[in-house]
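Quick look at protein-v3.cif (mmCIF, C-alpha atoms):
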```
data_protein
loop_
_atom_site.label_atom_id
_atom_site.label_comp_id
_atom_site.auth_asym_id
_atom_site.auth_seq_id
_atom_site.Cartn_x
_atom_site.Cartn_y
_atom_site.Cartn_z
CA MET A 10 99.30 81.63 133.67
CA SER A 11 96.75 80.71 131.00
CA VAL A 12 94.51 78.97 133.56
CA ALA A 13 94.57 82.02 135.84
CA MET A 14 93.73 84.38 132.99
CA SER A 15 90.95 82.10 131.72
CA LEU A 16 89.38 82.01 135.19
CA LEU A 17 89.57 85.79 135.38
CA ALA A 18 87.90 86.08 131.98
CA LEU A 19 85.10 83.73 133.04
CA LEU A 20 84.63 85.52 136.38
CA ASP A 21 84.46 88.82 134.51
CA GLU A 22 81.31 87.48 132.86
CA SER A 23 79.64 86.57 136.14
CA PRO A 24 80.51 85.49 139.70
CA ASN A 25 80.85 81.73 139.89
CA TYR A 26 81.82 78.63 141.87
CA GLY A 27 85.02 76.68 141.29
CA LEU A 28 83.41 73.58 139.87
CA GLN A 29 81.24 75.61 137.52
CA LEU A 30 84.28 77.55 136.36
CA ARG A 31 86.01 74.28 135.55
CA ASN A 32 83.00 73.13 133.53
CA LEU A 33 82.74 76.45 131.70
CA PHE A 34 86.45 76.35 130.85
CA GLU A 35 86.15 72.87 129.33
CA GLU A 36 82.95 73.76 127.54
CA ARG A 37 84.53 76.82 125.91
CA THR A 38 87.60 74.89 124.79
CA GLY A 39 85.81 71.75 123.65
CA GLY A 40 87.60 69.80 126.38
CA VAL A 41 90.90 69.91 124.46
CA TRP A 42 92.67 70.94 127.66
CA PRO A 43 91.11 69.05 130.58
CA LEU A 44 91.37 70.95 133.84
CA ASN A 45 91.60 69.38 137.27
CA VAL A 46 89.21 70.98 139.76
CA GLY A 47 91.96 71.06 142.40
CA GLN A 48 93.99 73.22 140.02
CA VAL A 49 91.00 75.56 139.69
CA TYR A 50 90.78 76.04 143.47
CA THR A 51 94.54 76.51 143.88
CA THR A 52 94.51 79.10 141.11
CA LEU A 53 91.49 80.87 142.62
CA ALA A 54 93.28 81.02 145.97
CA ARG A 55 96.30 82.59 144.28
CA LEU A 56 94.13 85.10 142.45
CA GLU A 57 92.45 85.94 145.76
CA ARG A 58 95.82 86.35 147.48
CA ASP A 59 96.89 88.76 144.72
CA GLY A 60 93.72 90.83 145.12
CA PHE A 61 92.27 90.01 141.69
CA VAL A 62 89.15 88.16 142.96
CA ARG A 63 87.38 87.65 146.27
CA ARG A 64 84.90 85.27 147.86
CA ARG A 65 81.55 86.93 148.39
CA PRO A 66 81.43 87.58 152.13
CA SER A 67 77.63 87.42 152.26
CA ASP A 68 77.49 84.03 150.63
CA ALA A 69 76.60 81.21 152.98
CA ASP A 70 79.37 78.79 152.08
CA GLU A 71 81.76 81.59 150.99
CA LYS A 72 82.79 79.82 147.80
CA LEU A 73 81.17 82.09 145.25
CA TYR A 74 84.02 84.00 143.63
CA GLU A 75 83.71 87.44 142.06
CA MET A 76 85.98 89.77 140.14
CA LEU A 77 87.71 92.78 141.70
CA PRO A 78 88.81 95.92 139.81
CA ALA A 79 92.48 94.86 139.97
CA GLY A 80 91.50 91.55 138.35
CA ARG A 81 89.69 93.38 135.58
CA ARG A 82 92.77 95.54 134.98
CA ARG A 83 95.01 92.45 134.90
CA LEU A 84 92.67 90.79 132.42
CA ARG A 85 92.65 93.81 130.10
CA GLU A 86 96.44 93.85 130.28
CA TRP A 87 96.45 90.18 129.28
CA PHE A 88 94.22 90.82 126.29
CA ALA A 89 96.36 93.81 125.27
CA THR A 90 99.74 92.10 125.63
CA PRO A 91 100.94 89.84 122.81
CA THR A 92 101.48 86.29 123.96
CA ARG A 93 105.09 85.30 124.32
CA LYS A 94 106.21 82.32 122.35
CA ASP A 95 106.97 79.37 124.55
CA ALA A 96 105.19 76.07 124.75
CA PRO A 97 102.54 76.57 127.47
CA GLU A 98 101.95 80.19 126.48
CA ARG A 99 101.02 79.23 122.94
CA ASP A 100 97.87 77.66 124.34
CA ALA A 101 97.21 80.99 125.98
CA LEU A 102 97.08 82.61 122.55
CA VAL A 103 94.28 80.29 121.47
CA LEU A 104 92.45 80.87 124.74
CA LYS A 105 92.85 84.60 124.34
CA LEU A 106 91.17 84.57 120.94
CA VAL A 107 88.40 82.22 122.05
CA LEU A 108 87.70 84.39 125.07
CA ALA A 109 88.01 87.64 123.11
CA LEU A 110 85.01 86.61 120.99
CA GLY A 111 81.77 88.14 122.17
CA ARG A 112 83.37 90.78 124.38
CA SER A 113 81.77 94.16 123.89
CA ASP A 114 84.80 96.08 125.13
CA LEU A 115 87.26 94.93 122.48
CA ASP A 116 87.43 93.84 118.87
CA ALA A 117 88.86 90.35 118.36
CA ALA A 118 90.34 91.59 115.05
CA ASP A 119 92.55 94.00 117.00
CA VAL A 120 93.77 91.18 119.23
CA ILE A 121 94.55 89.15 116.08
CA GLN A 122 96.51 92.00 114.49
CA ALA A 123 98.53 92.67 117.65
CA GLU A 124 99.43 88.98 117.81
CA ARG A 125 100.23 88.82 114.09
CA LYS A 126 102.53 91.83 114.30
CA ALA A 127 104.36 90.32 117.27
CA ALA A 128 104.72 86.98 115.44
CA VAL A 129 106.08 88.63 112.27
CA GLU A 130 108.56 90.66 114.34
CA LEU A 131 109.71 87.40 115.91
CA LEU A 132 110.04 85.90 112.43
CA GLN A 133 112.14 88.89 111.36
CA GLN A 134 114.48 88.27 114.28
CA TYR A 135 114.82 84.54 113.52
CA THR A 136 115.41 85.39 109.86
CA LYS A 137 118.10 87.87 110.81
CA LEU A 138 119.87 85.09 112.72
CA LYS A 139 119.62 82.99 109.57
CA ARG A 140 121.00 85.79 107.39
CA ASP A 141 123.90 86.38 109.71
CA GLY A 142 124.67 82.69 110.25
CA THR A 143 126.69 80.48 107.99
CA GLU A 144 124.81 78.53 105.34
CA HIS A 145 126.91 75.47 106.13
CA ASP A 146 125.91 74.97 109.75
CA LEU A 147 123.02 72.60 109.09
CA GLY A 148 122.13 71.93 112.72
CA TRP A 149 121.78 75.63 113.40
CA LEU A 150 119.65 76.06 110.27
CA PHE A 151 117.44 73.12 111.30
CA LEU A 152 116.85 74.78 114.65
CA LEU A 153 116.17 78.19 113.12
CA ASP A 154 113.88 76.71 110.45
CA SER A 155 111.91 74.94 113.17
CA LEU A 156 111.42 78.20 115.04
CA ILE A 157 110.60 80.01 111.80
CA PHE A 158 107.99 77.46 110.72
CA GLN A 159 106.36 77.51 114.16
CA ALA A 160 106.10 81.28 114.04
CA GLU A 161 104.87 81.14 110.45
CA ALA A 162 102.21 78.60 111.42
CA ARG A 163 101.01 81.00 114.09
CA VAL A 164 100.68 83.81 111.53
CA ARG A 165 98.80 81.56 109.09
CA TRP A 166 96.44 80.45 111.85
CA LEU A 167 95.84 84.09 112.82
CA ASP A 168 95.14 84.91 109.15
CA MET A 169 92.60 82.10 109.07
CA CYS A 170 90.92 83.29 112.30
CA GLU A 171 90.68 86.77 110.86
CA GLU A 172 89.20 85.45 107.64
CA ARG A 173 86.57 83.50 109.60
CA LEU A 174 85.82 86.55 111.72
CA THR A 175 85.37 88.67 108.59
CA ARG A 176 83.02 86.15 107.03
CA THR A 177 80.97 85.74 110.20
CA GLN A 178 78.27 88.37 110.00
CA GLN A 179 76.59 87.48 113.27
CA PRO A 180 76.69 90.08 116.05
CA LYS A 181 79.34 89.66 118.75
CA SER A 182 76.87 88.61 121.43
CA ASN A 183 75.98 85.50 119.43
CA ARG A 184 79.51 84.22 119.07
CA LYS A 185 79.61 82.45 122.39
CA PRO A 186 78.30 78.89 122.17
CA SER A 187 74.63 78.76 123.13
CA ARG A 188 74.87 75.25 124.54
CA PRO A 189 77.75 73.11 125.72
CA ARG A 190 79.91 71.87 122.90
CA GLU A 191 80.38 68.18 122.51
CA ARG A 192 83.58 67.25 124.26
CA ILE A 193 86.48 66.06 122.20
CA GLU A 194 87.60 62.71 123.58
CA VAL A 195 91.37 62.41 123.56
CA LYS A 196 92.51 58.80 123.66
CA SER A 197 95.90 58.19 125.14
CA MET B 28 115.31 111.44 100.31
CA ASN B 29 113.41 108.21 99.88
CA VAL B 30 113.79 106.39 96.56
CA LEU B 31 110.05 105.75 96.63
CA GLN B 32 107.67 108.08 98.43
CA MET B 33 103.92 107.44 98.20
CA THR B 34 101.85 110.01 100.11
CA ASP B 35 98.11 109.76 100.84
CA VAL B 36 97.61 107.59 97.78
CA THR B 37 94.03 106.60 97.01
CA ARG B 38 92.97 104.48 94.03
CA ILE B 39 89.31 104.10 93.14
CA HIS B 40 88.27 101.84 90.28
CA GLY B 41 85.03 102.77 88.51
CA ALA B 42 82.64 105.51 89.55
CA GLY B 43 79.28 106.09 91.23
CA HIS B 44 77.71 103.27 93.18
CA THR B 45 79.90 100.64 91.50
CA ALA B 46 83.11 102.39 92.58
CA VAL B 47 85.62 100.16 94.37
CA THR B 48 88.31 101.70 96.55
CA ALA B 49 91.44 99.60 96.10
CA LEU B 50 93.75 101.87 98.12
CA ARG B 51 92.89 104.52 100.66
CA ASP B 52 95.28 107.21 101.98
CA VAL B 53 98.33 104.99 101.77
CA THR B 54 101.62 106.61 102.75
CA LEU B 55 104.78 104.56 102.27
CA GLY B 56 108.40 105.59 101.97
CA VAL B 57 111.25 103.28 100.98
CA ALA B 58 114.84 104.44 101.38
CA SER B 59 117.96 103.32 99.62
CA GLY B 60 119.22 100.10 101.20
CA GLU B 61 115.80 99.18 102.51
CA LEU B 62 113.65 96.14 101.76
CA VAL B 63 110.01 96.69 102.71
CA ALA B 64 107.47 93.86 102.61
CA VAL B 65 103.76 94.48 102.13
CA MET B 66 101.52 91.75 103.56
CA GLY B 67 97.80 91.33 103.33
CA PRO B 68 95.07 88.93 102.28
CA SER B 69 93.80 88.64 98.70
CA GLY B 70 92.03 91.80 97.64
CA SER B 71 93.71 94.00 100.26
CA GLY B 72 95.32 96.19 97.59
CA LYS B 73 98.88 94.79 97.52
CA THR B 74 99.19 94.51 93.75
CA THR B 75 97.49 97.89 93.16
CA LEU B 76 100.03 99.46 95.53
CA LEU B 77 102.90 97.93 93.59
CA SER B 78 101.45 98.93 90.20
CA ILE B 79 101.10 102.52 91.35
CA ALA B 80 104.59 102.54 92.91
CA GLY B 81 105.99 101.42 89.56
CA GLY B 82 104.02 103.88 87.42
CA LEU B 83 102.00 101.09 85.77
CA ASP B 84 98.80 102.55 87.25
CA ARG B 85 97.93 106.07 88.37
CA PRO B 86 96.44 107.04 91.73
CA THR B 87 93.03 108.72 91.92
CA ALA B 88 94.48 111.03 94.58
CA GLY B 89 97.79 111.50 96.34
CA SER B 90 101.36 111.70 95.20
CA VAL B 91 103.98 109.17 94.07
CA GLU B 92 107.61 110.19 93.82
CA VAL B 93 110.41 108.04 92.48
CA GLU B 94 113.84 109.53 93.18
CA GLY B 95 112.13 112.84 93.85
CA ALA B 96 110.24 112.95 90.54
CA GLU B 97 106.46 113.20 90.88
CA ILE B 98 105.17 110.50 88.57
CA SER B 99 101.88 112.22 87.71
CA ALA B 100 103.77 115.29 86.48
CA LEU B 101 105.77 113.26 83.94
CA ARG B 102 104.86 113.12 80.27
CA PRO B 103 104.09 109.58 79.03
CA SER B 104 107.48 109.33 77.32
CA GLU B 105 109.28 110.47 80.48
CA LEU B 106 107.32 108.00 82.59
CA ALA B 107 108.18 105.21 80.16
CA ARG B 108 111.86 106.12 80.42
CA LEU B 109 111.71 106.19 84.23
CA ARG B 110 110.08 102.75 84.22
CA ARG B 111 112.68 101.35 81.82
CA GLN B 112 115.75 102.84 83.43
CA ARG B 113 115.11 103.20 87.14
CA ILE B 114 112.52 100.61 88.13
CA GLY B 115 112.78 96.83 87.97
CA TYR B 116 109.84 94.43 88.24
CA VAL B 117 109.71 90.79 89.31
CA PHE B 118 106.43 88.96 89.01
CA GLN B 119 105.23 85.50 89.92
CA GLN B 120 104.72 84.96 86.19
CA LEU B 121 108.26 85.51 85.00
CA ASN B 122 107.42 86.79 81.52
CA LEU B 123 110.70 85.57 80.07
CA ILE B 124 110.79 85.47 76.27
CA ASP B 125 111.23 81.88 75.10
CA GLY B 126 113.03 82.72 71.85
CA LEU B 127 115.78 84.65 73.63
CA THR B 128 118.65 83.26 75.71
CA ALA B 129 118.86 84.09 79.42
CA ALA B 130 121.44 86.84 78.75
CA GLU B 131 119.33 88.26 75.90
CA ASN B 132 116.30 88.37 78.19
CA VAL B 133 118.34 90.24 80.80
CA SER B 134 119.89 92.72 78.36
CA LEU B 135 116.63 93.41 76.50
CA PRO B 136 115.54 96.43 78.63
CA LEU B 137 118.92 98.07 78.01
CA GLU B 138 118.82 97.39 74.28
CA LEU B 139 115.29 98.81 74.08
CA ASP B 140 116.80 101.88 75.67
CA GLY B 141 119.41 102.25 72.94
CA VAL B 142 122.41 100.73 74.73
CA GLY B 143 124.73 98.97 72.27
CA ARG B 144 124.49 95.18 72.08
CA LYS B 145 127.98 94.49 73.39
CA GLN B 146 127.66 96.90 76.30
CA ALA B 147 124.17 95.56 77.10
CA ARG B 148 125.48 91.98 77.19
CA GLN B 149 128.29 93.01 79.51
CA ALA B 150 125.78 94.63 81.88
CA ALA B 151 123.58 91.54 81.63
CA LEU B 152 126.48 89.27 82.59
CA THR B 153 127.27 91.51 85.57
CA ALA B 154 123.64 91.31 86.76
CA MET B 155 123.58 87.54 86.20
CA SER B 156 126.83 87.11 88.08
CA ALA B 157 125.32 88.97 91.04
CA VAL B 158 122.59 86.33 91.27
CA GLY B 159 124.97 83.42 90.63
CA ILE B 160 123.85 82.36 87.14
CA GLU B 161 126.52 83.76 84.83
CA GLU B 162 127.14 80.27 83.44
CA LEU B 163 123.52 80.01 82.28
CA ALA B 164 123.88 83.07 80.00
CA ASP B 165 123.42 81.25 76.71
CA ARG B 166 120.72 78.79 77.77
CA TYR B 167 117.07 79.24 76.80
CA PRO B 168 114.33 79.66 79.44
CA GLN B 169 112.76 76.26 78.74
CA ASP B 170 116.09 74.60 79.64
CA LEU B 171 116.16 76.22 83.09
CA SER B 172 114.53 75.18 86.37
CA GLY B 173 111.89 77.40 88.00
CA GLY B 174 114.43 78.77 90.46
CA GLU B 175 116.94 79.51 87.68
CA GLN B 176 114.26 81.26 85.63
CA GLN B 177 113.36 83.40 88.64
CA ARG B 178 117.02 84.37 88.97
CA VAL B 179 117.05 85.42 85.31
CA ALA B 180 113.95 87.54 86.01
CA ILE B 181 115.68 89.16 88.99
CA ALA B 182 118.81 89.84 86.94
CA ARG B 183 116.59 91.48 84.30
CA ALA B 184 114.91 93.59 86.99
CA THR B 185 118.23 94.79 88.42
CA VAL B 186 120.27 95.20 85.22
CA GLY B 187 121.78 98.64 84.59
CA LYS B 188 121.27 101.44 87.08
CA ARG B 189 117.91 100.66 88.63
CA SER B 190 117.27 102.13 92.02
CA LEU B 191 113.86 100.62 92.76
CA LEU B 192 112.98 96.94 92.64
CA LEU B 193 109.33 95.90 92.88
CA ALA B 194 108.55 92.22 93.44
CA ASP B 195 105.02 90.78 93.38
CA GLU B 196 104.86 87.31 94.99
CA PRO B 197 108.22 86.35 93.45
CA THR B 198 108.32 83.10 95.43
CA GLY B 199 104.79 81.99 94.58
CA ALA B 200 105.69 79.10 92.31
CA LEU B 201 108.87 78.03 94.08
CA ASP B 202 109.67 75.43 96.74
CA SER B 203 110.80 76.59 100.20
CA ILE B 204 114.56 76.41 99.68
CA THR B 205 114.44 78.04 96.24
CA GLY B 206 112.05 80.68 97.57
CA GLU B 207 114.52 81.42 100.34
CA SER B 208 117.35 81.83 97.83
CA VAL B 209 115.23 84.39 95.95
CA LEU B 210 114.77 86.30 99.21
CA ARG B 211 118.52 86.19 99.82
CA LEU B 212 118.93 87.87 96.42
CA LEU B 213 116.36 90.59 97.17
CA ARG B 214 118.02 91.10 100.54
CA GLY B 215 121.41 91.33 98.84
CA HIS B 216 120.06 93.92 96.40
CA ALA B 217 118.88 96.06 99.32
CA ASP B 218 122.12 95.56 101.26
CA ALA B 219 123.99 96.78 98.18
CA GLY B 220 122.04 100.05 98.35
CA GLY B 221 118.93 99.34 96.26
CA ALA B 222 115.41 100.08 97.44
CA SER B 223 112.97 97.19 97.20
CA VAL B 224 109.30 96.53 97.82
CA LEU B 225 108.18 92.94 98.18
CA VAL B 226 104.51 92.04 98.07
CA THR B 227 103.71 88.67 99.64
CA HIS B 228 101.09 86.87 101.69
CA ASP B 229 103.76 84.63 103.15
CA ALA B 230 105.12 85.75 106.54
CA ARG B 231 108.18 83.52 106.22
CA PHE B 232 109.35 85.49 103.18
CA ALA B 233 108.15 88.88 104.44
CA ALA B 234 110.42 88.36 107.45
CA TRP B 235 113.48 89.00 105.26
CA ALA B 236 112.43 92.65 105.05
CA ASP B 237 113.56 95.51 107.27
CA ARG B 238 109.94 96.51 107.74
CA VAL B 239 106.67 94.69 107.19
CA VAL B 240 103.61 96.79 106.35
CA PHE B 241 100.17 95.25 106.88
CA LEU B 242 97.47 96.15 104.35
CA ARG B 243 93.75 95.53 104.97
CA ASP B 244 90.95 96.69 102.67
CA GLY B 245 93.28 99.14 100.96
CA ARG B 246 94.59 100.74 104.13
CA VAL B 247 97.88 100.42 105.94
CA VAL B 248 96.72 99.18 109.35
CA ASP B 249 100.03 98.44 111.03
CA GLU B 250 103.73 97.95 110.52
CA THR B 251 106.44 96.08 112.37
CA ASN B 252 109.07 97.92 114.34
CA THR B 253 112.68 97.50 113.35
CA PRO B 254 113.67 94.23 115.00
CA GLU B 255 116.00 94.42 117.96
CA GLY B 256 119.17 92.41 118.07
CA PRO B 257 118.24 88.73 117.94
CA GLU B 258 120.82 87.62 120.51
CA SER B 259 118.35 87.29 123.37
CA LEU B 260 115.90 85.15 121.42
CA LEU B 261 117.17 81.76 122.36
CA VAL B 262 117.72 82.42 126.04
CA PRO B 263 114.84 81.09 128.16
CA ARG B 264 112.74 83.91 129.58
#
```
Target format structure tokens, applied to this file:
Amino acid sequence: MSVAMSLLALLDESPNYGLQLRNLFEERTGGVWPLNVGQVYTTLARLERDGFVRRRPSDADEKLYEMLPAGRRRLREWFATPTRKDAPERDALVLKLVLALGRSDLDAADVIQAERKAAVELLQQYTKLKRDGTEHDLGWLFLLDSLIFQAEARVRWLDMCEERLTRTQQPKSNRKPSRPRERIEVKS
Amino acid sequence: MNVLQMTDVTRIHGAGHTAVTALRDVTLGVASGELVAVMGPSGSGKTTLLSIAGGLDRPTAGSVEVEGAEISALRPSELARLRRQRIGYVFQQLNLIDGLTAAENVSLPLELDGVGRKQARQAALTAMSAVGIEELADRYPQDLSGGEQQRVAIARATVGKRSLLLADEPTGALDSITGESVLRLLRGHADAGGASVLVTHDARFAAWADRVVFLRDGRVVDETNTPEGPESLLVPR
């Protein structure tokens, strides 16, 4: 899901080839989440099947992808919908904020607030479980505390992003990196 | 009728080009039985909101009603009585008086109000029992842990017939478990029919509230919806 939405966001900026999209994705995310080029092409094929993108018919090798209106609508929906909390989707939240920077059609601060509200509502629900549960069931409390601290961490991170955004005076168009970021090497 | 009703409240400090708007058109109602948390970064107006709600500060514009009484229409002596009798405050700095025992600290607001010593002590013990520290009644603040001192402060804020409890970062100096026990007490106060406002920058503690209001640059920008039943949370989507 997050790969598909990232590719849509990149294609919304300009038509592009699969390999270039892979490079752009890694450049934007500092290479924290390496992406296999095969995965890029499979995802593009799925997006094409769903009518979100198409290959430019006039193009000689027919591998230049471009955005379709349905893809643009799907992307806007993605930006407008709070990210659900489960492991792979949490990465999508980071991607969403990174990709929201520099867009002229939305304010990243609004995306942050929508996400923060959703995270606090989730915290309220976890806390209600804790209130209703017995104080003696330690295993249950451990589990709930883990969920609560994960949600809290998300709120604190969003607070920090907002603070950075507030302190950054530069215009939106300058927030995208001007040259490729140095890749972060992850040693296994 | 809400216990606290703030309507279009604006607070401007200073005047002319040095004027600073601390709150702008804030509307907030808190009903009996409700715990409302106010979240926001430093300087967003949280403490100003609480000061105005408690009659410690006056709005530049707008109206503040506590139990239906418009605060700005009260004479200073009436406002002082409302603050003493109907509103309880809990701060991060506990402001306990070292020379008085825990029970004396708790009964002090009642005694200042003319309640007899014996009756005031009885009310203090009831309030202390509600927060689980009746046995600490005759200890002095310096002999109590941070969490115990905070419980004394909460007992003092709820003693007698107070309908509105205002708490400003009451967990600030406490560890996680003790902070949680303070929130259980605030929650219990609301569940017993009190109205409470909790100001905090900590989402984990704000989550004990029925509603969380987000403040930015003196404005209410958002608020959470009443949470649905939590049963579905742990089922994979």
(message) Show me, as a ChimeraX atom specification, every residue of chain A with an atom at most 6 Å from chain B, counting only C-alpha atoms.
(response) /A:132-134,161
Expected selection from the PyMOL selection byres ((chain B and resi 122) around 10), given as a PDB file with C-alpha atoms, in the coordinates of the input:
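So expr_4.pdb came out as:
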```
ATOM      1  CA  VAL B 117     109.710  90.790  89.310  1.00  0.00           C
ATOM      2  CA  PHE B 118     106.430  88.960  89.010  1.00  0.00           C
ATOM      3  CA  GLN B 119     105.230  85.500  89.920  1.00  0.00           C
ATOM      4  CA  GLN B 120     104.720  84.960  86.190  1.00  0.00           C
ATOM      5  CA  LEU B 121     108.260  85.510  85.000  1.00  0.00           C
ATOM      6  CA  LEU B 123     110.700  85.570  80.070  1.00  0.00           C
ATOM      7  CA  ILE B 124     110.790  85.470  76.270  1.00  0.00           C
ATOM      8  CA  ASP B 125     111.230  81.880  75.100  1.00  0.00           C
ATOM      9  CA  ASN B 132     116.300  88.370  78.190  1.00  0.00           C
ATOM     10  CA  GLN B 176     114.260  81.260  85.630  1.00  0.00           C
ATOM     11  CA  GLN B 177     113.360  83.400  88.640  1.00  0.00           C
ATOM     12  CA  ALA B 180     113.950  87.540  86.010  1.00  0.00           C
TER      13      ALA B 180
END
```
So that I can check the surroundings of Leu76 (chain B), please list as a PDB file with C-alpha atoms, in the coordinates of the input every protein, DNA and RNA residue that reaches within 9 Å of it, counting only C-alpha atoms and ignoring chain neighbours fewer than 3 positions away.
```pdb
ATOM      1  CA  VAL B  36      97.610 107.590  97.780  1.00  0.00           C
ATOM      2  CA  ARG B  38      92.970 104.480  94.030  1.00  0.00           C
ATOM      3  CA  ALA B  49      91.440  99.600  96.100  1.00  0.00           C
ATOM      4  CA  LEU B  50      93.750 101.870  98.120  1.00  0.00           C
ATOM      5  CA  VAL B  53      98.330 104.990 101.770  1.00  0.00           C
ATOM      6  CA  GLY B  72      95.320  96.190  97.590  1.00  0.00           C
ATOM      7  CA  LYS B  73      98.880  94.790  97.520  1.00  0.00           C
ATOM      8  CA  ILE B  79     101.100 102.520  91.350  1.00  0.00           C
ATOM      9  CA  ALA B  80     104.590 102.540  92.910  1.00  0.00           C
ATOM     10  CA  GLY B  81     105.990 101.420  89.560  1.00  0.00           C
ATOM     11  CA  ASP B  84      98.800 102.550  87.250  1.00  0.00           C
ATOM     12  CA  GLY B 245      93.280  99.140 100.960  1.00  0.00           C
TER      13      GLY B 245
END
```
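In this model, the gap between CA of Leu156 (chain A) and CA of Thr136 (chain A) comes to 9.7 Å.
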(message) I need the residue nearest Gly206 (chain B) from this list: B:Ala129, B:Ala222, B:Glu94, B:Glu175. Use all atoms listed in the file for the distance.
(response)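 The closest residue to Gly206 (chain B) is B:Glu175.
Distances here use all atoms listed in the file; by that measure, the residue among B:Ala217, B:Leu109, B:Val133, B:Ala184 closest to Pro168 (chain B) is B:Val133.
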(message) Report, in Å to a single decimal, how far apart CA of Thr87 (chain B) and CA of Ser99 (chain B) are.
(response) 10.4 Å
(request) Can you work out the spacing between CA of Leu31 (chain B) and CA of Val158 (chain B) in Å, to one decimal? (result) 23.7 Å
(request) Kindly resolve the PyMOL selection byres ((chain A and resi 75) around 10) on the present coordinates and return the residues as JSON, numbers by chain. (result) {"A": [17, 19, 20, 21, 22, 23, 24, 25, 26, 57, 61, 62, 63, 64, 65, 72, 73, 74, 76, 77, 80]}
(request) Determine the residue set returned by the PyMOL selection byres ((chain B and resi 174) around 10) for the present structure, and present it as an MDAnalysis selection string. (result) chainID B and resid 171:173 175:180 198 200:202 204:206 208:209
(request) Name the residues, using the chain letters and numbers of the file, that sit within 12 Å of (93.0, 81.0, 120.8) when counting only C-alpha atoms, and give them as a PyMOL selection string. (result) chain A and resi 11+15+37-38+41+88+92+98-110+117+120-121+124+163+166-167+169-171
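Closest to Asp116 (chain A) among A:Met14, A:Ala79, A:Ala54, A:Ala89 is A:Ala89, based on only C-alpha atoms.
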Extract, using only C-alpha atoms, all DNA, RNA and protein residues at most 10 Å from Met155 (chain B), discarding same-chain residues fewer than 3 positions from it, and format them as a PDB file with C-alpha atoms, in the coordinates of the input.
```pdb
ATOM      1  CA  ALA B 129     118.860  84.090  79.420  1.00  0.00           C
ATOM      2  CA  ALA B 130     121.440  86.840  78.750  1.00  0.00           C
ATOM      3  CA  VAL B 133     118.340  90.240  80.800  1.00  0.00           C
ATOM      4  CA  GLN B 149     128.290  93.010  79.510  1.00  0.00           C
ATOM      5  CA  ALA B 150     125.780  94.630  81.880  1.00  0.00           C
ATOM      6  CA  ALA B 151     123.580  91.540  81.630  1.00  0.00           C
ATOM      7  CA  LEU B 152     126.480  89.270  82.590  1.00  0.00           C
ATOM      8  CA  VAL B 158     122.590  86.330  91.270  1.00  0.00           C
ATOM      9  CA  GLY B 159     124.970  83.420  90.630  1.00  0.00           C
ATOM     10  CA  ILE B 160     123.850  82.360  87.140  1.00  0.00           C
ATOM     11  CA  GLU B 161     126.520  83.760  84.830  1.00  0.00           C
ATOM     12  CA  GLU B 162     127.140  80.270  83.440  1.00  0.00           C
ATOM     13  CA  LEU B 163     123.520  80.010  82.280  1.00  0.00           C
ATOM     14  CA  ALA B 164     123.880  83.070  80.000  1.00  0.00           C
ATOM     15  CA  ARG B 178     117.020  84.370  88.970  1.00  0.00           C
ATOM     16  CA  VAL B 179     117.050  85.420  85.310  1.00  0.00           C
ATOM     17  CA  ALA B 180     113.950  87.540  86.010  1.00  0.00           C
ATOM     18  CA  ILE B 181     115.680  89.160  88.990  1.00  0.00           C
ATOM     19  CA  ALA B 182     118.810  89.840  86.940  1.00  0.00           C
ATOM     20  CA  ARG B 183     116.590  91.480  84.300  1.00  0.00           C
ATOM     21  CA  THR B 185     118.230  94.790  88.420  1.00  0.00           C
ATOM     22  CA  VAL B 186     120.270  95.200  85.220  1.00  0.00           C
TER      23      VAL B 186
END
```
(request) May I have the residues within 10 Å of Ala96 (chain B) as a PyMOL selection string, using only C-alpha atoms and disregarding those fewer than 3 positions away in the same chain? (result) chain B and resi 30-32+91-93+99-101+106+109
(request) Using only C-alpha atoms, pick whichever of B:Gly187, B:Gly95, B:Gly115, B:Gly143 has the shortest atom-to-atom distance to Leu77 (chain B). (result)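 The closest residue to Leu77 (chain B) is B:Gly115.
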(request) Please tell me which residues are no farther than 7 Å from (124.1, 90.8, 73.7) in the file, counting only C-alpha atoms, and write them as a ChimeraX atom specification. (result) /B:130-131,134,144-145,147-148
Let's have the selection written as a short mmCIF file (atom, residue, chain, number, x, y, z; two decimals), keeping the file's coordinate frame, with C-alpha atoms.
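Saved as part-v4.cif:
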```cif
data_model
loop_
_atom_site.label_atom_id
_atom_site.label_comp_id
_atom_site.auth_asym_id
_atom_site.auth_seq_id
_atom_site.Cartn_x
_atom_site.Cartn_y
_atom_site.Cartn_z
CA ALA B 130 121.44 86.84 78.75
CA GLU B 131 119.33 88.26 75.90
CA SER B 134 119.89 92.72 78.36
CA ARG B 144 124.49 95.18 72.08
CA LYS B 145 127.98 94.49 73.39
CA ALA B 147 124.17 95.56 77.10
CA ARG B 148 125.48 91.98 77.19
#
```
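Each of A:Leu131, A:Leu153, A:Leu44, A:Leu33 was compared to Arg93 (chain A) using all atoms listed in the file, and A:Leu131 turns out to be the nearest.
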